[in-house]
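What follows is a single structure, written as structure tokens, with notes after it.
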Amino acid sequence: MKGVDKLSFEEAFAELEETVRKLEEGGLTLEQSLELFERGQALAARCNVQLDEAELKVRRLTPEGLVPLEED
């Protein structure tokens with residue numbers, strides 16, 4: 001299993017979804033659940049960092065910063 005810090009956003013998010021699915025299914029020992037929960041927390045943190053970095057890049061690339069999406 002790759003270290004969380006080596007995962008792309010897509011890899012981390014997919015693994016996070018799978019982790020949540022396994023936890024929701026149940027049938028795990030307490031140790032397995034805790035291990036998955038800890039990994040899930042690390043994956044969520046990795047995704048958040050990558051999203052924050054992407055937002056900063058967008059702000060730097062657009063003269064006005066982030067432009068809100070237009071509502072229909």
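So you can find residues: chains in the structure tokens are A, B, ... in the order shown, residues in each start at 1, and ligands are numbered from 1 in order.
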
| task | Might you pull out every residue within 12 Å of Phe37 of chain A, with only C-alpha atoms counted and same-chain residues fewer than 4 positions away left off, and present them as a list in words? | result | Glu15, Leu16, Glu17, Glu18, Thr19, Val20, Arg21, Lys22, Leu23, Glu24, Leu28, Leu30, Glu31, Gln32, Ser33, Gln41, Ala42, Leu43 and Ala44 of chain A

| Within 12 Å of Lys6 of chain A using only C-alpha atoms, minus same-chain residues under 2 positions, as an MDAnalysis selection string | chainID A and resid 1:4 8:12 42:43 46:47 50

Generate a file of the selected residues that holds C-alpha atoms, formatted as a compact mmCIF listing (two decimals), in the first residue's frame.
```
# COMPACT_ATOMS: atom_id res chain seq x y z
CA MET A 1 0.00 0.00 0.00
CA LYS A 2 1.39 3.40 -1.04
CA GLY A 3 2.07 6.01 1.59
CA VAL A 4 -0.74 8.57 1.70
CA SER A 8 -2.64 11.54 -6.33
CA PHE A 9 -5.94 13.17 -5.45
CA GLU A 10 -7.82 10.62 -7.52
CA GLU A 11 -6.05 7.68 -5.87
CA ALA A 12 -6.57 9.07 -2.36
CA ALA A 42 -5.03 10.49 6.60
CA LEU A 43 -6.61 10.10 3.15
CA ARG A 46 -4.38 14.42 1.87
CA CYS A 47 -7.39 15.23 -0.32
CA GLN A 50 -4.47 18.84 -2.56
```

| query | How many Å lie between atom CA of Glu53 of chain A and atom CA of Phe13 of chain A, rounded to one decimal? | reply |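 These two atoms are separated by 15.5 Å.
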
| What separation in Å, quoted to one decimal, exists between atom CA of Leu7 of chain A and atom CA of Leu34 of chain A? |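 Those two atoms sit 21.0 Å apart.
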
| In chain A, DSSP helix (DSSP H, G or I) residues written as an MDAnalysis selection string | chainID A and resid 4:6 9:25 30:61

| request: Go ahead and compute the interatomic distance for atom CA of Asp5 of chain A and atom CA of Ala54 of chain A, in Å to one decimal. | output: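 The value is 15.8 Å.
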